[in-house]
$ cat run.cif   # mmCIF, C-alpha atoms and all ligand atoms
data_coords
#
loop_
_atom_site.label_atom_id
_atom_site.label_comp_id
_atom_site.auth_asym_id
_atom_site.auth_seq_id
_atom_site.Cartn_x
_atom_site.Cartn_y
_atom_site.Cartn_z
CA MET A 155 51.63 -97.57 4.04
CA ALA A 156 54.04 -96.97 1.21
CA ALA A 157 51.08 -96.64 -1.19
CA ASP A 158 50.06 -93.35 0.53
CA ALA A 159 53.33 -91.72 -0.39
CA ASN A 160 53.44 -93.18 -3.87
CA PRO A 161 49.96 -94.22 -5.07
CA THR A 162 49.73 -96.90 -7.72
CA PRO A 163 48.23 -96.01 -11.13
CA GLN A 164 45.03 -97.81 -10.18
CA GLU A 165 44.80 -95.79 -6.96
CA GLN A 166 45.30 -92.59 -8.93
CA LEU A 167 42.51 -93.56 -11.32
CA ASP A 168 40.21 -94.40 -8.40
CA ALA A 169 40.99 -91.04 -6.77
CA ALA A 170 40.19 -89.17 -10.03
CA LEU A 171 36.87 -91.01 -10.36
CA LEU A 172 36.02 -90.26 -6.76
CA GLY A 173 36.78 -86.56 -7.36
CA PHE A 174 34.46 -86.59 -10.39
CA GLU A 175 31.66 -88.38 -8.55
CA SER A 176 31.70 -85.96 -5.65
CA ALA A 177 31.68 -82.90 -7.99
CA LEU A 178 28.92 -84.19 -10.29
CA PRO A 179 25.90 -83.59 -7.99
CA GLN A 180 26.95 -79.94 -7.48
CA VAL A 181 26.53 -79.20 -11.19
CA SER A 182 23.38 -77.20 -11.85
CA SER A 183 23.72 -76.00 -15.44
CA GLU A 184 24.95 -77.13 -18.83
CA ALA A 185 27.79 -74.65 -18.65
CA GLU A 186 28.97 -76.08 -15.32
CA LEU A 187 28.65 -79.59 -16.74
CA TYR A 188 30.89 -78.64 -19.63
CA GLU A 189 33.43 -77.18 -17.20
CA LEU A 190 33.46 -80.47 -15.25
CA GLN A 191 33.96 -82.45 -18.45
CA VAL A 192 36.94 -80.30 -19.36
CA ARG A 193 38.33 -80.62 -15.84
CA PHE A 194 38.46 -84.43 -16.09
CA LEU A 195 38.47 -85.38 -19.78
CA GLY A 196 39.80 -82.20 -21.43
CA LYS A 197 43.26 -82.03 -23.03
CA ASN A 198 44.83 -81.33 -19.64
CA GLY A 199 42.06 -83.01 -17.67
CA ALA A 200 42.80 -85.04 -14.51
CA VAL A 201 41.96 -88.40 -16.16
CA THR A 202 43.54 -87.63 -19.53
CA LYS A 203 46.83 -86.85 -17.81
CA LEU A 204 46.84 -90.29 -16.21
CA ARG A 205 47.30 -91.84 -19.68
CA SER A 206 51.00 -91.07 -19.38
CA LEU A 207 51.17 -93.67 -16.57
CA MET A 208 50.89 -96.38 -19.23
CA GLY A 209 54.48 -95.88 -20.21
CA LYS A 210 55.65 -96.21 -16.61
CA VAL A 211 54.20 -99.66 -15.78
CA PRO A 212 55.80 -103.00 -16.84
CA PRO A 213 54.46 -104.22 -20.21
CA ALA A 214 52.66 -107.11 -18.53
CA GLN A 215 50.45 -104.69 -16.53
CA ARG A 216 49.66 -102.37 -19.41
CA LYS A 217 46.61 -104.19 -20.69
CA GLU A 218 45.03 -104.27 -17.25
CA LEU A 219 45.80 -100.59 -16.68
CA GLY A 220 44.42 -99.71 -20.11
CA GLN A 221 41.16 -101.47 -19.26
CA ALA A 222 40.98 -99.71 -15.88
CA PHE A 223 41.59 -96.37 -17.60
CA ASN A 224 38.78 -97.04 -20.08
CA ARG A 225 36.38 -98.06 -17.31
CA VAL A 226 37.01 -94.79 -15.46
CA LYS A 227 36.59 -92.77 -18.62
CA GLN A 228 33.38 -94.61 -19.45
CA ALA A 229 32.07 -94.04 -15.92
CA ILE A 230 32.74 -90.32 -16.29
CA ASP A 231 31.08 -90.20 -19.73
CA ASP A 232 28.04 -91.99 -18.33
CA GLY A 233 27.92 -89.67 -15.31
CA LEU A 234 28.05 -86.60 -17.58
CA ALA A 235 25.34 -87.95 -19.90
CA GLY A 236 23.08 -88.85 -16.98
CA ARG A 237 23.46 -85.45 -15.41
CA LYS A 238 22.77 -83.77 -18.73
CA LEU A 239 19.51 -85.65 -19.05
CA ALA A 240 18.54 -84.78 -15.47
CA LEU A 241 19.25 -81.11 -16.06
CA ALA A 242 17.15 -81.08 -19.26
CA GLU A 243 14.31 -82.83 -17.47
CA ALA A 244 14.44 -80.31 -14.59
CA ALA A 245 14.36 -77.41 -17.10
CA ARG A 246 11.34 -78.96 -18.81
CA GLU A 247 9.57 -79.37 -15.46
CA ARG A 248 10.27 -75.73 -14.57
CA ASN A 249 8.92 -74.63 -17.94
CA LEU A 250 5.75 -76.67 -17.54
CA SER A 251 5.05 -75.39 -14.04
CA ARG A 252 5.54 -71.75 -15.14
CA HIS A 253 2.38 -69.77 -14.45
CA VAL A 254 1.21 -67.84 -17.50
CA ASP A 255 -1.70 -65.50 -16.97
CA LEU A 256 -3.51 -65.68 -20.29
CA THR A 257 -5.99 -63.02 -19.16
CA PHE A 258 -3.22 -60.40 -18.60
CA VAL A 259 -3.79 -57.25 -20.66
CA PRO A 260 -0.64 -55.10 -20.88
CA ASP A 261 -0.80 -51.30 -20.71
CA PRO A 262 -1.08 -49.95 -24.25
CA PRO A 263 2.16 -48.27 -25.39
CA ARG A 264 2.04 -44.55 -24.65
CA PRO A 265 2.55 -42.59 -27.87
CA GLY A 266 4.93 -39.64 -27.57
CA THR A 267 3.77 -36.10 -28.22
CA LEU A 268 5.18 -33.42 -30.46
CA HIS A 269 7.59 -31.01 -28.79
CA PRO A 270 5.94 -27.63 -28.09
CA ILE A 271 8.41 -25.93 -30.45
CA THR A 272 7.51 -28.36 -33.24
CA GLN A 273 3.82 -27.83 -32.55
CA THR A 274 4.33 -24.06 -32.68
CA ARG A 275 6.35 -24.29 -35.90
CA ARG A 276 3.64 -26.37 -37.55
CA GLU A 277 0.91 -23.96 -36.41
CA LEU A 278 2.94 -21.04 -37.83
CA GLU A 279 3.35 -22.88 -41.12
CA HIS A 280 -0.39 -23.52 -41.19
CA VAL A 281 -1.24 -19.84 -40.70
CA PHE A 282 1.23 -18.60 -43.33
CA ARG A 283 0.27 -21.29 -45.84
CA ARG A 284 -3.29 -20.01 -45.62
CA LEU A 285 -1.94 -16.54 -46.37
CA GLY A 286 -0.35 -17.90 -49.57
CA PHE A 287 3.24 -18.51 -48.40
CA ASP A 288 5.40 -21.52 -49.35
CA VAL A 289 7.52 -23.17 -46.64
CA VAL A 290 11.22 -23.57 -47.46
CA ASP A 291 14.25 -24.81 -45.54
CA GLY A 292 17.99 -24.10 -45.55
CA PRO A 293 21.18 -25.66 -44.17
CA HIS A 294 22.19 -25.19 -40.51
CA VAL A 295 25.89 -25.24 -41.41
CA GLU A 296 25.85 -22.29 -43.74
CA ALA A 297 28.31 -20.38 -45.93
CA GLU A 298 29.35 -16.94 -44.68
CA LEU A 299 28.47 -15.80 -48.17
CA TYR A 300 24.73 -16.35 -47.60
CA SER A 301 24.78 -15.52 -43.89
CA PHE A 302 26.42 -12.12 -44.38
CA ASP A 303 27.86 -11.06 -47.77
CA LYS A 304 24.68 -11.54 -49.79
CA LEU A 305 22.74 -9.77 -47.03
CA ASN A 306 24.66 -6.53 -47.41
CA ILE A 307 26.98 -7.24 -44.47
CA GLN A 308 30.48 -6.67 -45.81
CA PRO A 309 33.52 -8.56 -44.46
CA ASP A 310 35.09 -6.67 -41.53
CA HIS A 311 31.96 -4.55 -41.16
CA PRO A 312 30.97 -4.22 -37.48
CA ALA A 313 27.45 -5.41 -38.43
CA ARG A 314 28.92 -8.96 -38.59
CA ASP A 315 29.18 -8.76 -34.81
CA MET A 316 25.47 -7.99 -34.34
CA GLN A 317 24.99 -11.69 -33.68
CA ASP A 318 27.56 -13.71 -31.77
CA THR A 319 28.15 -16.20 -34.54
CA PHE A 320 29.75 -19.65 -34.19
CA PHE A 321 32.39 -19.66 -36.88
CA ILE A 322 33.60 -23.06 -38.06
CA ALA A 323 37.39 -23.21 -38.07
CA ARG A 324 38.96 -24.31 -41.36
CA PRO A 325 41.87 -26.78 -41.14
CA GLU A 326 45.16 -24.89 -41.41
CA HIS A 327 46.04 -26.60 -44.69
CA ASP A 328 42.62 -27.02 -46.26
CA PRO A 329 43.21 -28.94 -49.49
CA ARG A 330 39.91 -27.71 -50.94
CA GLU A 331 40.88 -24.71 -52.99
CA GLY A 332 38.37 -21.90 -52.52
CA ALA A 333 36.16 -23.90 -50.08
CA PRO A 334 33.55 -21.60 -48.50
CA SER A 335 33.98 -20.26 -44.96
CA LEU A 336 31.27 -21.82 -42.83
CA VAL A 337 29.24 -20.78 -39.79
CA LEU A 338 26.38 -22.25 -37.78
CA ARG A 339 23.70 -19.97 -39.18
CA PRO A 340 22.99 -17.22 -36.62
CA HIS A 341 19.64 -16.40 -38.23
CA THR A 342 17.27 -17.77 -40.88
CA SER A 343 17.98 -14.80 -43.17
CA PRO A 344 20.45 -16.73 -45.41
CA VAL A 345 17.39 -18.61 -46.74
CA GLN A 346 16.26 -15.24 -48.19
CA ALA A 347 19.44 -15.01 -50.28
CA ARG A 348 19.30 -18.66 -51.34
CA THR A 349 15.64 -18.38 -52.43
CA MET A 350 16.16 -15.15 -54.37
CA LEU A 351 19.20 -16.58 -56.16
CA ARG A 352 17.49 -19.86 -56.97
CA HIS A 353 13.99 -18.71 -57.93
CA GLY A 354 14.11 -14.99 -58.73
CA ALA A 355 11.01 -12.80 -58.21
CA PRO A 356 8.16 -13.04 -57.39
CA ILE A 357 8.66 -14.81 -54.04
CA ARG A 358 6.38 -15.43 -51.10
CA ILE A 359 7.99 -17.80 -48.56
CA ILE A 360 8.50 -18.49 -44.91
CA ALA A 361 11.57 -20.37 -43.65
CA PRO A 362 11.25 -21.70 -40.11
CA GLY A 363 14.26 -23.48 -38.58
CA THR A 364 17.02 -23.89 -36.03
CA THR A 365 19.58 -21.14 -35.48
CA PHE A 366 22.68 -20.80 -33.29
CA ARG A 367 24.50 -18.03 -31.43
CA ARG A 368 27.03 -17.72 -28.63
CA ASP A 369 24.23 -16.51 -26.35
CA ASP A 370 23.54 -18.04 -22.96
CA ASP A 371 21.35 -16.28 -20.42
CA PRO A 372 17.83 -16.74 -19.02
CA THR A 373 16.16 -15.34 -22.15
CA HIS A 374 18.72 -16.40 -24.79
CA SER A 375 19.91 -19.86 -25.63
CA PRO A 376 22.83 -21.02 -27.86
CA MET A 377 20.38 -23.01 -30.00
CA PHE A 378 17.02 -21.48 -30.78
CA HIS A 379 14.50 -21.18 -33.60
CA GLN A 380 13.48 -18.44 -35.97
CA ILE A 381 10.96 -18.02 -38.73
CA GLU A 382 11.92 -15.92 -41.71
CA GLY A 383 9.37 -14.34 -44.02
CA LEU A 384 10.11 -12.94 -47.48
CA TYR A 385 7.76 -11.36 -49.98
CA VAL A 386 9.14 -9.91 -53.22
CA ASP A 387 7.00 -8.69 -56.09
CA ARG A 388 6.14 -5.51 -58.00
CA ASN A 389 4.81 -2.66 -55.83
CA VAL A 390 5.26 -4.43 -52.47
CA THR A 391 5.22 -1.87 -49.63
CA MET A 392 5.60 -1.60 -45.87
CA ALA A 393 1.81 -1.47 -45.71
CA ASP A 394 1.69 -5.06 -47.05
CA LEU A 395 4.11 -6.06 -44.31
CA LYS A 396 2.04 -4.51 -41.57
CA ALA A 397 -1.21 -5.95 -42.92
CA THR A 398 0.29 -9.45 -43.25
CA LEU A 399 1.75 -9.41 -39.74
CA TYR A 400 -1.49 -8.04 -38.30
CA ARG A 401 -3.37 -10.92 -39.94
CA PHE A 402 -0.79 -13.37 -38.66
CA VAL A 403 -1.03 -12.12 -35.05
CA GLY A 404 -4.83 -12.30 -35.21
CA ALA A 405 -4.79 -15.88 -36.56
CA PHE A 406 -2.05 -17.14 -34.27
CA PHE A 407 -2.51 -15.29 -30.96
CA GLY A 408 -6.10 -14.05 -31.15
CA GLU A 409 -8.04 -11.33 -32.92
CA GLY A 410 -7.96 -7.72 -31.78
CA LEU A 411 -4.34 -7.48 -30.60
CA ALA A 412 -2.62 -4.30 -31.79
CA VAL A 413 0.75 -4.41 -33.53
CA ARG A 414 3.42 -1.75 -33.92
CA PHE A 415 6.74 -1.08 -35.61
CA ARG A 416 9.70 0.52 -33.84
CA PRO A 417 12.47 1.86 -36.10
CA SER A 418 15.56 -0.34 -35.94
CA TYR A 419 18.68 -1.19 -37.91
CA PHE A 420 19.37 -4.39 -39.82
CA PRO A 421 21.84 -4.12 -42.74
CA PHE A 422 19.62 -6.15 -45.06
CA VAL A 423 16.48 -3.99 -44.78
CA GLU A 424 15.80 -0.31 -45.32
CA PRO A 425 13.76 0.96 -43.57
CA GLY A 426 14.05 -1.55 -40.75
CA ALA A 427 11.83 -2.04 -37.71
CA GLU A 428 11.32 -4.17 -34.65
CA PHE A 429 7.86 -5.66 -34.69
CA ASP A 430 5.82 -5.78 -31.46
CA MET A 431 2.39 -7.15 -30.66
CA GLN A 432 0.16 -6.33 -27.74
CA CYS A 433 0.75 -8.78 -24.90
CA ALA A 434 -1.89 -11.51 -25.18
CA PHE A 435 -1.46 -12.52 -21.55
CA CYS A 436 -2.67 -9.31 -19.92
CA PHE A 437 -5.03 -8.28 -22.74
CA ASP A 438 -8.55 -7.45 -21.50
CA GLY A 439 -10.10 -7.23 -24.97
CA GLN A 440 -8.88 -3.69 -25.45
CA LEU A 441 -5.80 -2.92 -23.42
CA SER A 442 -2.81 -4.92 -22.18
CA HIS A 443 -2.21 -3.72 -18.65
CA GLY A 444 1.26 -5.22 -18.18
CA CYS A 445 2.38 -8.53 -16.66
CA GLY A 446 5.54 -10.50 -15.91
CA LEU A 447 5.71 -11.83 -19.46
CA CYS A 448 5.72 -8.40 -21.15
CA LYS A 449 7.79 -6.89 -18.33
CA GLN A 450 4.86 -4.60 -17.47
CA SER A 451 5.12 -2.86 -20.87
CA GLY A 452 1.97 -4.34 -22.47
CA TRP A 453 4.02 -5.20 -25.61
CA ILE A 454 5.89 -8.29 -26.74
CA GLU A 455 8.72 -8.02 -29.27
CA LEU A 456 8.57 -10.73 -31.93
CA GLY A 457 11.65 -9.77 -33.97
CA GLY A 458 13.04 -7.68 -36.81
CA SER A 459 11.47 -6.71 -40.12
CA GLY A 460 11.62 -4.18 -42.93
CA MET A 461 11.83 -3.57 -46.66
CA VAL A 462 14.49 -5.71 -48.36
CA HIS A 463 17.50 -3.46 -49.03
CA PRO A 464 17.92 -2.76 -52.79
CA ALA A 465 21.57 -3.84 -52.45
CA VAL A 466 20.39 -7.28 -51.26
CA LEU A 467 17.96 -7.63 -54.18
CA GLU A 468 20.75 -6.69 -56.56
CA GLN A 469 23.29 -9.04 -54.93
CA CYS A 470 20.74 -11.83 -55.27
CA GLY A 471 19.97 -11.23 -58.93
CA ILE A 472 16.67 -9.32 -58.63
CA ASP A 473 16.28 -5.92 -60.29
CA PRO A 474 15.44 -3.38 -57.52
CA SER A 475 14.07 -0.93 -60.08
CA VAL A 476 11.32 -3.44 -60.92
CA TYR A 477 10.78 -5.32 -57.68
CA THR A 478 10.50 -4.42 -54.02
CA GLY A 479 10.02 -6.71 -51.07
CA TRP A 480 9.74 -7.08 -47.34
CA ALA A 481 11.19 -9.55 -44.87
CA PHE A 482 10.88 -10.45 -41.22
CA GLY A 483 12.69 -12.75 -38.77
CA PHE A 484 10.96 -13.71 -35.50
CA GLY A 485 11.95 -15.99 -32.62
CA ILE A 486 9.78 -19.13 -32.55
CA ASP A 487 10.74 -20.12 -28.99
CA ARG A 488 9.27 -16.99 -27.53
CA MET A 489 6.09 -17.49 -29.51
CA ALA A 490 5.87 -21.08 -28.18
CA MET A 491 6.33 -19.75 -24.65
CA LEU A 492 3.56 -17.18 -25.16
CA ARG A 493 1.20 -19.65 -26.73
CA HIS A 494 1.75 -22.52 -24.30
CA GLY A 495 2.43 -20.48 -21.14
CA ILE A 496 6.01 -21.80 -20.78
CA SER A 497 7.72 -19.74 -18.09
CA HIS A 498 11.42 -20.24 -18.94
CA LEU A 499 13.20 -20.52 -22.29
CA ARG A 500 15.31 -23.40 -20.89
CA HIS A 501 12.26 -25.59 -20.34
CA ASN A 502 12.10 -25.89 -24.12
CA PHE A 503 15.45 -27.64 -24.44
CA GLU A 504 16.09 -29.65 -21.30
CA GLY A 505 14.14 -32.70 -22.42
CA ASP A 506 12.47 -32.98 -19.01
CA LEU A 507 9.50 -35.35 -19.39
CA ARG A 508 7.65 -33.64 -16.53
CA VAL A 509 7.53 -30.55 -18.76
CA LEU A 510 7.11 -32.22 -22.15
CA GLU A 511 4.29 -34.54 -21.08
CA GLN A 512 2.11 -31.50 -20.46
CA PHE A 513 1.97 -30.79 -24.19
CA THR A 514 -0.34 -33.24 -25.88
CA SER A 515 -0.24 -33.12 -29.65
CA PRO A 516 -3.29 -31.54 -31.26
C1 LIG B 601 17.60 -11.21 -36.72
O1 LIG B 601 18.09 -12.35 -36.49
C2 LIG B 601 17.28 -10.80 -38.09
N1 LIG B 601 17.79 -11.74 -39.07
C3 LIG B 601 15.77 -10.64 -38.21
C4 LIG B 601 15.32 -9.95 -39.47
C5 LIG B 601 14.95 -10.70 -40.56
C6 LIG B 601 15.27 -8.56 -39.55
C7 LIG B 601 14.52 -10.06 -41.73
C8 LIG B 601 14.86 -7.93 -40.67
C9 LIG B 601 14.45 -8.67 -41.76
P1 LIG B 601 17.47 -10.54 -34.21
O2 LIG B 601 18.92 -10.76 -33.93
O3 LIG B 601 16.84 -9.41 -33.53
O4 LIG B 601 17.23 -10.37 -35.76
O5 LIG B 601 16.70 -11.89 -33.85
C10 LIG B 601 15.31 -12.00 -34.10
C11 LIG B 601 14.61 -12.71 -32.94
O6 LIG B 601 15.22 -13.98 -32.66
C12 LIG B 601 14.71 -11.98 -31.60
O7 LIG B 601 13.72 -10.98 -31.51
C13 LIG B 601 14.44 -13.08 -30.59
O8 LIG B 601 13.06 -13.35 -30.48
C14 LIG B 601 15.08 -14.27 -31.27
N2 LIG B 601 16.42 -14.57 -30.72
C15 LIG B 601 17.60 -14.00 -31.03
N3 LIG B 601 18.60 -14.56 -30.33
C16 LIG B 601 18.04 -15.49 -29.55
C17 LIG B 601 18.55 -16.45 -28.59
N4 LIG B 601 19.85 -16.54 -28.35
N5 LIG B 601 17.68 -17.26 -27.95
C18 LIG B 601 16.37 -17.22 -28.22
N6 LIG B 601 15.82 -16.38 -29.12
C19 LIG B 601 16.65 -15.52 -29.77
#
$ encode --input "run.cif" --output "structure tokens"
Amino acid sequence: MAADANPTPQEQLDAALLGFESALPQVSSEAELYELQVRFLGKNGAVTKLRSLMGKVPPAQRKELGQAFNRVKQAIDDGLAGRKLALAEAARERNLSRHVDLTFVPDPPRPGTLHPITQTRRELEHVFRRLGFDVVDGPHVEAELYSFDKLNIQPDHPARDMQDTFFIARPEHDPREGAPSLVLRPHTSPVQARTMLRHGAPIRIIAPGTTFRRDDDPTHSPMFHQIEGLYVDRNVTMADLKATLYRFVGAFFGEGLAVRFRPSYFPFVEPGAEFDMQCAFCFDGQLSHGCGLCKQSGWIELGGSGMVHPAVLEQCGIDPSVYTGWAFGFGIDRMAMLRHGISHLRHNFEGDLRVLEQFTSP
């Protein structure tokens, strides 16, 4: 038939309606329903486009075609509305038949625990507070001035290389005239200088915190923690230092452990000493016989200490002819390892829950 090759407008409308009616039952969501609506009634929809046929039929047929067009459009509108209702009803049915177990008791949320380093730092603060020390803090991004110059470490002096410091590069054309050269603080000692300059003598503080060095081996990490101690007053001596640290070791690691000084060099103290305590792991109440942790020596090194160098007191505005003082700087991570039996420094920083979950907060 000729109509097959060239369908009449009515046939085209019937075909569009048929297409809609066969697609409608496949629709299973509101989004799909909207897509179908656009496909047939949208601006470029199959039925909308057929409107242009009006201009192509003789005027006498236009009214009839217009009515046919409206009937198809109405049928599609009705189909869409009916399907929408059916979908809403189905959703309501699904909702009603949902099984809710009102007796279900969820697991209580598991509270996190404090990191072993944080626990250790807090325990250290507790011990020193009881000994009459205040706890102070300082910036991690620190001026070279406080990290070195004020601590009797002159520019270009080889002592600046004692720690592998992370220097912070200044932009080539730094617009800030006279802006300070910055480092990631390689030790907590700059807090000494800041406290002396801000408060003057007498001083009795500890400054625990994060420190950074270009170190990376099994016993050294690029980010670690130190605790600084500083005591400045009239007639302060090395004997006060030894007595304080002996008390501290007794309170923190257990009574009866011996301590010792070994002469050492730090530019900001004179005399200077490494401070060791008897290994608490292989201690039998009298002697430490040697173990893996103390490398069979029976001693554990906690860090450096000594009498504050008069040049540092002077640089920081304290008269060395009136005041003397002592200072120490110990690694907190090693103390945490000793106290909590952590075998490798790295375990402290890898964030492995299998490790961290073993440390319940006190
Ligand atoms: C100092 O940092 C001095 N400022 C300590 C000091 C303060 C001396 C006041 C005198 C008076 P030293 O570089 O030795 O000293 O570091 C002290 C301790 O920090 C070390 O004994 C060690 O326990 C710890 N430590 C140093 N580098 C690292 C590292 N990369 N990883 C872990 N712990 C470290």
$ residues_near_ligand --input "run.cif" --ligand "ligand LIG 601 (chain B)" --cutoff "6 Å" --atoms "all atoms listed in the file" --output "count of residues only"
21
$ closest_residue --input "run.cif" --among "A:Thr257, A:Asp430, A:Gly354, A:Gln164" --to "Ala222 in chain A" --atoms "only C-alpha atoms"
A:Gln164
$ residues_around --input "run.cif" --residues "Thr342 in chain A" --least-positions-apart "5" --cutoff "7 Å" --atoms "only C-alpha atoms" --output "PyMOL selection string"
chain A and resi 361+363+365+380-382
$ residues_near_point --input "run.cif" --point "(8.6, -19.1, -26.0)" --cutoff "12 Å" --atoms "all atoms listed in the file" --output "PyMOL selection string"
chain A and resi 270-275+372-375+378-380+447+454-456+484-503
$ axis_aligned_box --input "run.cif" --around "range 427-436 of chain A" --padding-each-side "6 Å" --output "JSON"
{"center_x": 4.6, "center_y": -7.3, "center_z": -28.8, "size_x": 26.5, "size_y": 22.5, "size_z": 29.8}
$ closest_residue --input "run.cif" --among "A:Met392, A:Leu305, A:Ala465, A:Ile359" --to "Pro344 in chain A" --atoms "all atoms listed in the file"
A:Leu305
$ residues_around --input "run.cif" --residues "range 307-316 of chain A" --least-positions-apart "6" --cutoff "9 Å" --atoms "only C-alpha atoms" --output "MDAnalysis selection string"
chainID A and resid 301 420:422
$ decode --input "run.cif" --residues "range 343-379 of chain A" --atoms "C-alpha atoms" --output "short mmCIF file (atom, residue, chain, number, x, y, z; two decimals), in the first residue's frame"
data_model
loop_
_atom_site.label_atom_id
_atom_site.label_comp_id
_atom_site.auth_asym_id
_atom_site.auth_seq_id
_atom_site.Cartn_x
_atom_site.Cartn_y
_atom_site.Cartn_z
CA SER A 343 65.57 23.80 73.12
CA PRO A 344 64.29 26.99 71.36
CA VAL A 345 61.50 27.01 73.99
CA GLN A 346 64.27 27.66 76.56
CA ALA A 347 65.27 30.87 74.77
CA ARG A 348 61.67 31.99 74.26
CA THR A 349 60.79 31.42 77.93
CA MET A 350 63.88 33.21 79.25
CA LEU A 351 63.27 36.19 76.97
CA ARG A 352 59.58 36.40 77.80
CA HIS A 353 59.58 35.73 81.55
CA GLY A 354 63.10 36.29 82.89
CA ALA A 355 64.32 34.39 85.98
CA PRO A 356 63.33 32.47 88.01
CA ILE A 357 62.02 29.74 85.66
CA ARG A 358 60.98 26.16 86.21
CA ILE A 359 59.39 24.68 83.07
CA ILE A 360 59.15 21.63 80.90
CA ALA A 361 58.35 21.88 77.18
CA PRO A 362 57.25 18.62 75.59
CA GLY A 363 56.55 18.60 71.83
CA THR A 364 57.15 17.47 68.28
CA THR A 365 60.56 17.88 66.66
CA PHE A 366 61.95 17.18 63.19
CA ARG A 367 65.27 16.09 61.67
CA ARG A 368 66.51 14.60 58.42
CA ASP A 369 67.01 11.29 60.24
CA ASP A 370 65.60 8.02 58.96
CA ASP A 371 66.83 4.70 60.31
CA PRO A 372 65.46 1.98 62.61
CA THR A 373 66.07 4.03 65.76
CA HIS A 374 65.62 7.56 64.35
CA SER A 375 62.60 9.03 62.66
CA PRO A 376 62.19 12.33 60.73
CA MET A 377 59.42 13.36 63.14
CA PHE A 378 59.84 12.57 66.81
CA HIS A 379 59.18 14.06 70.23
#
